[in-house]
2 protein chains.
Amino acid sequence: MKNQILIYLFAVLLTSGICSAQSESKVIEDFIPSSTNQPGKEYPQVNSEGRVRVQISAPEAKKVQLDIGAVKYDLTKDENGVWTGESAPQDEGFHYYQLNIDGASVPDPNSLYFYGASRWGSGIEIPAKDQDFYALKIVPHGQVREHVYFSKTNNNMRRCFVYTPPEYEKNTNTRYPVLYLQHGGGEDETVWSNQGRAGLIMDNLIAEGKANPFIIVMDNGTWHMPEKARSASPDTARKDERPKTWPPQGWADNFMKTMLEDIIPMIDANYRTLADPDHKAMAGLSMGGMQTRIITLANPGIFAYVGMFSGGSISLEDVENAPGFKENVKLLFISYGSRELENGRTRFEGNPQANTKVLEEAGINTYFYISPLTAHEWQSWRRSLYQFAPLLFK
Amino acid sequence: MKNQILIYLFAVLLTSGICSAQSESKVIEDFIPSSTNQPGKEYPQVNSEGRVRVQISAPEAKKVQLDIGAVKYDLTKDENGVWTGESAPQDEGFHYYQLNIDGASVPDPNSLYFYGASRWGSGIEIPAKDQDFYALKIVPHGQVREHVYFSKTNNNMRRCFVYTPPEYEKNTNTRYPVLYLQHGGGEDETVWSNQGRAGLIMDNLIAEGKANPFIIVMDNGTWHMPEKARSASPDTARKDERPKTWPPQGWADNFMKTMLEDIIPMIDANYRTLADPDHKAMAGLSMGGMQTRIITLANPGIFAYVGMFSGGSISLEDVENAPGFKENVKLLFISYGSRELENGRTRFEGNPQANTKVLEEAGINTYFYISPLTAHEWQSWRRSLYQFAPLLFK
């Protein structure tokens with residue numbers, strides 16, 4: 001009995017001790033300003049748990065919230081009318097967020113702004129254990145060029161960003177392979193270079209001798225995606241939605257025509273490219289992965305390297321319906337964030353790793369990568385590029 | 001008497017008629033979405049008077065204001081919690097603005113963002129009668145390159161933007177002159193290309209054969225400006241503040257050293273430049289104009305072309321204290337917005353046109369330009385570049 005009471009008391013003490021510890025130390029006070037703050041701004045801050053703390057002066061406001069990761073966190077107001085508060089721990093890497101002031105959703109005036117979710121808005125960097133691969137280092141750097149050009153297909157001026165490797169302006173007789181790298185839905189031609197840090201990833205890989213230097217073209221693939229095209233991937237379509245015909249009607253009027261008839265010829269005319277298929281790659285994230293899939297399957301003689309990041313996979317049936325794909329493609333790279341998969345399956349019930357394994361067994365050179373502990377977000381895609389780039393043009 | 005009464009009644013009718021007309025038609029309802037909106041956004045809008053109308057949903061807010069041109073305008077709320085309102089007419093060209101929601105100053109979530117006033121925030125374009133010269137047209141376009149490099153002077157990585165003319169990648173054996181073009185206080189290396197539209201201005205001038213093609217380097221000149229350097233210009237210093245010694249103490253540790261020892265050698269090493277003084281220009285706006293003045297006076301053998309936009313002027317005494325300046329400078333260009341001058345004088349009591357005339361009479365080739373009906377704002381500086389560029393490297 002004594003023992004039982006002692007055990008009981010011990011349990012109570014232990015429990016209350018834990019609760020007390022939780023409430024007192026639930027937020028670790030080691031916040032530092034985020035690397036994505038505007039110059040000189042002390043907030044937003046991040047701590048070692050990955051929490052985001054924001055602060056804004058709003059003396060007359062009744063309610064101010066931090067909106068990040070689809071959760072709204074209430075801030076609290078001090079005697080000077082300054083509101084402060086923090087989120088639960090976030091995954092490592094880059095996240096979009098916004099503030100809500102008495103019902104108005106607005107960017108945080110202290111953060112840098114990034115295009116995503118179809119708007120320019122606040123973004124924040126949660127320091128990652130592997131952040132070294134996309135850090136700004138004292139190594140030779142390539143250029144990222146804003147390139148405006150006329151598109152006959154669309155009868156308008158368009159813009160892309162072009163990464164040229166560090167040696168491009170030194171070795172002026174050398175020609176380079178090209179990767180066409182596409183953004184996701186609600187994003188644009190700026191994202192791979194800004195939040196994607198594509199240029200820094202390449203600079204670091206090249207400096208370490210891990211990747212061959214190549215050009216990267218980042219254009220704008222925003223278009224009205226026909227429902228049949230969207231549903232065509234085995235990982236992004238419910239089974240009953242998959243189309244029987246390929247390519248789906250209407251597709252040719254969209255981004256594929258712009259890519260083949262405007263972007264690629266313009267790049268080959270303005271940069272020192274190696275223009276043959278063996279020196280051409282296409283990759284993209286999410287919607288850009290779906291576009292990569294459709295464009296490379298429909299044009300098997302154009303791109304020897306194919307990458308799809310969180311954007312579906314390719315089935316054996318796809319390959320059988322795309323004569324020449326198997327013979328011409330030197331690498332098919334498929335990746336996902338681990339949080340996007342449950343028992344290997346996407347939320348659309350596809351199994352990208354299983355699909356890719358079937359292709360490997362059918363004799364196609366494939367590479368399947370899972371980004372640890374990340375979701376359908378930029379850390380998955382940065383890591384995907386970091387894994388993909390060293391495999392290209394070897 | 002009858003006539004007097006009739007005249008009085010007529011005057012009353014006329015006055016009330018005018019008042020009524022003013023209140024009913026004080027805002028002309030021909031608003032259209034601004035060209036600087038985020039893609040797909042209907043607000044902010046501008047009308048033919050140059051008024052700015054903003055709209056934001058803030059159902060729980062008590063007070064929402066539009067803050068533009070140093071004036072705050074109250075918005076009004078409709079039954080759905082959406083606030084709308086407009087400013088007084090603004091000058092033609094580009095202006096920074098922000099919203100104020102219950103005391104919180106935030107960017108408008110519908111506008112594109114620009115760096116100025118030491119922050120990334122909202123900007124809006126008021127259509128100008130002369131907007132054609134900086135419009136995006138179907139002409140050959142140059143590239144604007146983001147260039148990251150190591151600075152020995154500062155022992156860190158720095159960033160500049162480099163405009164290369166449309167023919168740069170075609171005529172790969174041709175070398176080009178360089179204009180070093182600096183931003184103002186509270187701005188950075190992005191502004192000349194973004195809100196300044198420097199690339200588009202050059203593309204259009206070159207397409208019309210009005211300017212020779214040249215390279216433009218836009219770096220970051222933000223630094224702690226010594227008070228003596230700030231007060232050194234005859235237009236930007238009160239009389240009792242002008243220093244007796246030249247260059248002022250401490251200056252050499254700042255932007256001049258970075259420009260001469262890091263930026264210029266890096267550009268000459270990475271671009272096909274004509275590196276002699278006759279093919280080198282420096283210009284800047286506001287603080288950048290003051291920096292241009294100090295750097296070119298202290299280094300008379302480096303830059304043959306000098307431009308100062310709303311950033312002071314150069315006196316005969318300056319030239320006499322800078323041996324070689326008179327002999328080496330082929331053009332000194334000084335400009336202001338008309339609203340910056342009162343009877344020809346700046347608010348610091350300098351008279352830039354009179355100062356410039358003295359130099360012209362002393363045998364220096366000068367050009368003085370006043371931008372009509374614009375203040376210390378971007379339309380003055382776009383026009384200044386448009387006037388300056390055709391005079392360079394002839």
# chains A, B, ... in the order shown; residues from 1 in each chain; ligands from 1
>>> closest_atom_pairs(of="chain A", to="chain B", cutoff="6 Å", atoms="only C-alpha atoms", output="CSV")
residue,atom,partner,partner_atom,distance
A:Ser57,CA,B:Ala104,CA,5.6
A:Ala58,CA,B:Ala104,CA,4.2
A:Pro59,CA,B:Gly103,CA,5.4
A:Glu60,CA,B:Asp102,CA,4.6
A:Ala61,CA,B:Asp102,CA,5.0
A:Asp102,CA,B:Glu60,CA,4.6
A:Gly103,CA,B:Ala58,CA,4.6
A:Ala104,CA,B:Ala58,CA,4.2
A:Val106,CA,B:Pro109,CA,5.4
A:Pro109,CA,B:Val106,CA,5.4
A:Gln143,CA,B:His147,CA,5.3
A:Val144,CA,B:Glu146,CA,5.1
A:Arg145,CA,B:Arg145,CA,4.1
A:Glu146,CA,B:Val144,CA,5.1
A:His147,CA,B:Gln143,CA,5.2
>>> write_last_selection(atoms="C-alpha atoms", output="short mmCIF file (atom, residue, chain, number, x, y, z; two decimals), in the first residue's frame")
data_model
loop_
_atom_site.label_atom_id
_atom_site.label_comp_id
_atom_site.auth_asym_id
_atom_site.auth_seq_id
_atom_site.Cartn_x
_atom_site.Cartn_y
_atom_site.Cartn_z
CA SER A 57 2.83 47.44 -34.47
CA ALA A 58 -0.96 47.75 -34.77
CA PRO A 59 -2.12 49.90 -31.83
CA GLU A 60 -5.80 50.07 -32.82
CA ALA A 61 -6.23 46.43 -33.92
CA ASP A 102 -8.62 42.52 -38.08
CA GLY A 103 -9.62 40.30 -40.97
CA ALA A 104 -7.20 41.70 -43.59
CA VAL A 106 -1.50 41.15 -45.73
CA PRO A 109 6.17 44.36 -43.81
CA GLN A 143 24.83 34.81 -63.49
CA VAL A 144 21.04 34.78 -63.47
CA ARG A 145 19.85 36.77 -66.46
CA GLU A 146 16.44 38.34 -66.94
CA HIS A 147 15.71 37.70 -70.60
#
>>> residues_around(residues="B:Pro127", least_positions_apart="4", cutoff="12 Å", atoms="only C-alpha atoms", output="number ranges by chain")
B: 31-36, 45-52, 89-95, 131-132, 134-135, 379
>>> write_last_selection(atoms="N, CA, C and O atoms", output="mmCIF file, in the first residue's frame")
data_model
loop_
_atom_site.group_PDB
_atom_site.id
_atom_site.type_symbol
_atom_site.label_atom_id
_atom_site.label_comp_id
_atom_site.auth_asym_id
_atom_site.auth_seq_id
_atom_site.Cartn_x
_atom_site.Cartn_y
_atom_site.Cartn_z
ATOM 1 N N PHE B 31 -11.476 54.750 -63.649
ATOM 2 C CA PHE B 31 -10.368 53.995 -63.051
ATOM 3 C C PHE B 31 -10.103 52.690 -63.811
ATOM 4 O O PHE B 31 -11.041 52.015 -64.238
ATOM 5 N N ILE B 32 -8.835 52.363 -63.944
ATOM 6 C CA ILE B 32 -8.432 51.066 -64.517
ATOM 7 C C ILE B 32 -7.335 50.471 -63.620
ATOM 8 O O ILE B 32 -6.632 51.201 -62.924
ATOM 9 N N PRO B 33 -7.204 49.136 -63.634
ATOM 10 C CA PRO B 33 -6.145 48.517 -62.814
ATOM 11 C C PRO B 33 -4.775 49.075 -63.185
ATOM 12 O O PRO B 33 -4.500 49.336 -64.357
ATOM 13 N N SER B 34 -3.934 49.240 -62.200
ATOM 14 C CA SER B 34 -2.593 49.776 -62.440
ATOM 15 C C SER B 34 -1.711 48.754 -63.136
ATOM 16 O O SER B 34 -1.862 47.546 -62.958
ATOM 17 N N SER B 35 -0.766 49.245 -63.922
ATOM 18 C CA SER B 35 0.176 48.350 -64.608
ATOM 19 C C SER B 35 1.136 47.679 -63.640
ATOM 20 O O SER B 35 1.797 46.713 -63.993
ATOM 21 N N THR B 36 1.201 48.183 -62.410
ATOM 22 C CA THR B 36 2.102 47.584 -61.414
ATOM 23 C C THR B 36 1.352 46.668 -60.443
ATOM 24 O O THR B 36 1.879 46.337 -59.379
ATOM 25 N N GLN B 45 -6.204 50.862 -58.549
ATOM 26 C CA GLN B 45 -6.557 51.411 -59.844
ATOM 27 C C GLN B 45 -6.120 52.874 -59.916
ATOM 28 O O GLN B 45 -5.900 53.516 -58.896
ATOM 29 N N VAL B 46 -6.016 53.385 -61.141
ATOM 30 C CA VAL B 46 -5.695 54.801 -61.354
ATOM 31 C C VAL B 46 -6.715 55.376 -62.327
ATOM 32 O O VAL B 46 -7.247 54.644 -63.174
ATOM 33 N N ASN B 47 -6.997 56.673 -62.188
ATOM 34 C CA ASN B 47 -7.896 57.300 -63.162
ATOM 35 C C ASN B 47 -7.163 58.378 -63.949
ATOM 36 O O ASN B 47 -5.966 58.607 -63.752
ATOM 37 N N SER B 48 -7.893 59.034 -64.830
ATOM 38 C CA SER B 48 -7.265 59.995 -65.745
ATOM 39 C C SER B 48 -6.755 61.235 -65.016
ATOM 40 O O SER B 48 -5.966 61.995 -65.563
ATOM 41 N N GLU B 49 -7.217 61.449 -63.778
ATOM 42 C CA GLU B 49 -6.690 62.570 -62.985
ATOM 43 C C GLU B 49 -5.395 62.206 -62.272
ATOM 44 O O GLU B 49 -4.755 63.064 -61.671
ATOM 45 N N GLY B 50 -5.065 60.907 -62.259
ATOM 46 C CA GLY B 50 -3.894 60.472 -61.507
ATOM 47 C C GLY B 50 -4.223 60.090 -60.074
ATOM 48 O O GLY B 50 -3.334 59.954 -59.233
ATOM 49 N N ARG B 51 -5.529 59.917 -59.786
ATOM 50 C CA ARG B 51 -5.889 59.435 -58.442
ATOM 51 C C ARG B 51 -5.600 57.942 -58.323
ATOM 52 O O ARG B 51 -5.708 57.195 -59.298
ATOM 53 N N VAL B 52 -5.292 57.516 -57.121
ATOM 54 C CA VAL B 52 -5.055 56.097 -56.833
ATOM 55 C C VAL B 52 -6.209 55.592 -55.972
ATOM 56 O O VAL B 52 -6.495 56.168 -54.910
ATOM 57 N N PRO B 89 -5.201 63.613 -56.824
ATOM 58 C CA PRO B 89 -4.374 63.356 -58.016
ATOM 59 C C PRO B 89 -2.876 63.389 -57.685
ATOM 60 O O PRO B 89 -2.420 64.248 -56.932
ATOM 61 N N GLN B 90 -2.151 62.428 -58.241
ATOM 62 C CA GLN B 90 -0.703 62.317 -58.042
ATOM 63 C C GLN B 90 0.035 62.737 -59.318
ATOM 64 O O GLN B 90 -0.519 62.667 -60.413
ATOM 65 N N ASP B 91 1.284 63.130 -59.162
ATOM 66 C CA ASP B 91 2.115 63.416 -60.335
ATOM 67 C C ASP B 91 2.259 62.161 -61.195
ATOM 68 O O ASP B 91 2.212 61.041 -60.699
ATOM 69 N N GLU B 92 2.480 62.362 -62.482
ATOM 70 C CA GLU B 92 2.751 61.243 -63.384
ATOM 71 C C GLU B 92 3.997 60.488 -62.939
ATOM 72 O O GLU B 92 4.933 61.070 -62.392
ATOM 73 N N GLY B 93 3.979 59.173 -63.173
ATOM 74 C CA GLY B 93 5.159 58.371 -62.875
ATOM 75 C C GLY B 93 4.935 57.427 -61.706
ATOM 76 O O GLY B 93 3.807 57.113 -61.341
ATOM 77 N N PHE B 94 6.037 57.000 -61.112
ATOM 78 C CA PHE B 94 6.019 55.952 -60.095
ATOM 79 C C PHE B 94 6.032 56.541 -58.683
ATOM 80 O O PHE B 94 6.790 57.471 -58.405
ATOM 81 N N HIS B 95 5.183 55.977 -57.802
ATOM 82 C CA HIS B 95 5.177 56.407 -56.395
ATOM 83 C C HIS B 95 5.121 55.206 -55.456
ATOM 84 O O HIS B 95 4.433 54.224 -55.738
ATOM 85 N N GLN B 131 5.078 58.117 -71.369
ATOM 86 C CA GLN B 131 5.428 56.767 -70.888
ATOM 87 C C GLN B 131 5.980 55.855 -71.997
ATOM 88 O O GLN B 131 6.542 54.794 -71.704
ATOM 89 N N ASP B 132 5.825 56.272 -73.240
ATOM 90 C CA ASP B 132 6.298 55.444 -74.349
ATOM 91 C C ASP B 132 7.799 55.139 -74.254
ATOM 92 O O ASP B 132 8.233 54.060 -74.635
ATOM 93 N N TYR B 134 9.665 54.415 -71.810
ATOM 94 C CA TYR B 134 10.045 53.302 -70.914
ATOM 95 C C TYR B 134 9.070 52.133 -70.989
ATOM 96 O O TYR B 134 9.016 51.297 -70.089
ATOM 97 N N ALA B 135 8.284 52.076 -72.075
ATOM 98 C CA ALA B 135 7.324 50.974 -72.259
ATOM 99 C C ALA B 135 8.029 49.714 -72.742
ATOM 100 O O ALA B 135 9.057 49.775 -73.415
ATOM 101 N N GLN B 379 10.027 59.467 -61.862
ATOM 102 C CA GLN B 379 9.801 59.979 -63.221
ATOM 103 C C GLN B 379 10.900 60.982 -63.595
ATOM 104 O O GLN B 379 11.329 61.026 -64.747
#
>>> atom_distance(atom1="atom CA of B:Gly184", atom2="atom CA of B:Leu285")
5.3 Å
>>> select_by_dssp(residues="stretch 257-320 of chain B", states="alpha helix (DSSP H)", output="compact mmCIF listing (two decimals) with C-alpha atoms, in the first residue's frame")
# COMPACT_ATOMS: atom_id res chain seq x y z
CA LYS B 257 37.16 52.20 -52.59
CA THR B 258 34.64 49.45 -53.41
CA ILE B 264 35.30 48.24 -61.92
CA PRO B 265 38.04 45.54 -62.09
CA MET B 266 35.38 42.81 -61.70
CA ILE B 267 33.30 44.24 -64.54
CA ASP B 268 36.33 44.65 -66.81
CA ALA B 269 37.32 41.03 -66.09
CA ASN B 270 33.89 39.53 -66.75
CA MET B 287 22.60 60.19 -52.82
CA GLY B 288 23.98 58.37 -55.88
CA GLY B 289 24.46 61.74 -57.55
CA MET B 290 26.38 62.99 -54.51
CA GLN B 291 28.52 59.84 -54.67
CA THR B 292 29.09 60.40 -58.38
CA ARG B 293 30.21 63.95 -57.67
CA ILE B 294 32.64 62.93 -54.95
CA ILE B 295 34.06 59.91 -56.79
CA THR B 296 34.51 61.64 -60.15
CA LEU B 297 36.06 64.77 -58.61
CA ALA B 298 38.47 62.65 -56.59
CA LEU B 316 33.93 76.02 -60.18
CA GLU B 317 35.73 75.76 -56.86
CA ASP B 318 35.19 71.98 -56.91
CA VAL B 319 36.76 71.79 -60.37
CA GLU B 320 39.69 74.01 -59.42
>>> closest_residue(among="B:Tyr73, B:Trp83, B:Trp378, B:Phe333", to="B:Thr356", atoms="only C-alpha atoms")
B:Phe333
>>> closest_residue(among="B:Leu75, B:Ile206, B:Asp262, B:Asp130", to="B:Arg159", atoms="only C-alpha atoms")
B:Asp262
>>> atom_distance(atom1="atom CA of A:Gly284", atom2="atom CA of A:Trp192")
9.7 Å
>>> select_by_dssp(residues="stretch 113-295 of chain A", states="strand (DSSP E or B)", output="JSON, numbers by chain")
{"A": [113, 114, 115, 116, 119, 120, 121, 122, 123, 124, 125, 126, 143, 144, 145, 146, 147, 148, 149, 150, 151, 156, 157, 158, 159, 160, 161, 162, 163, 164, 176, 178, 179, 180, 181, 182, 215, 216, 217, 218, 273, 280, 281, 282, 283, 284, 285]}
>>> closest_residue(among="A:Tyr386, A:Phe393, A:Pro177, A:Lys210", to="A:Ala198", atoms="only C-alpha atoms")
A:Tyr386
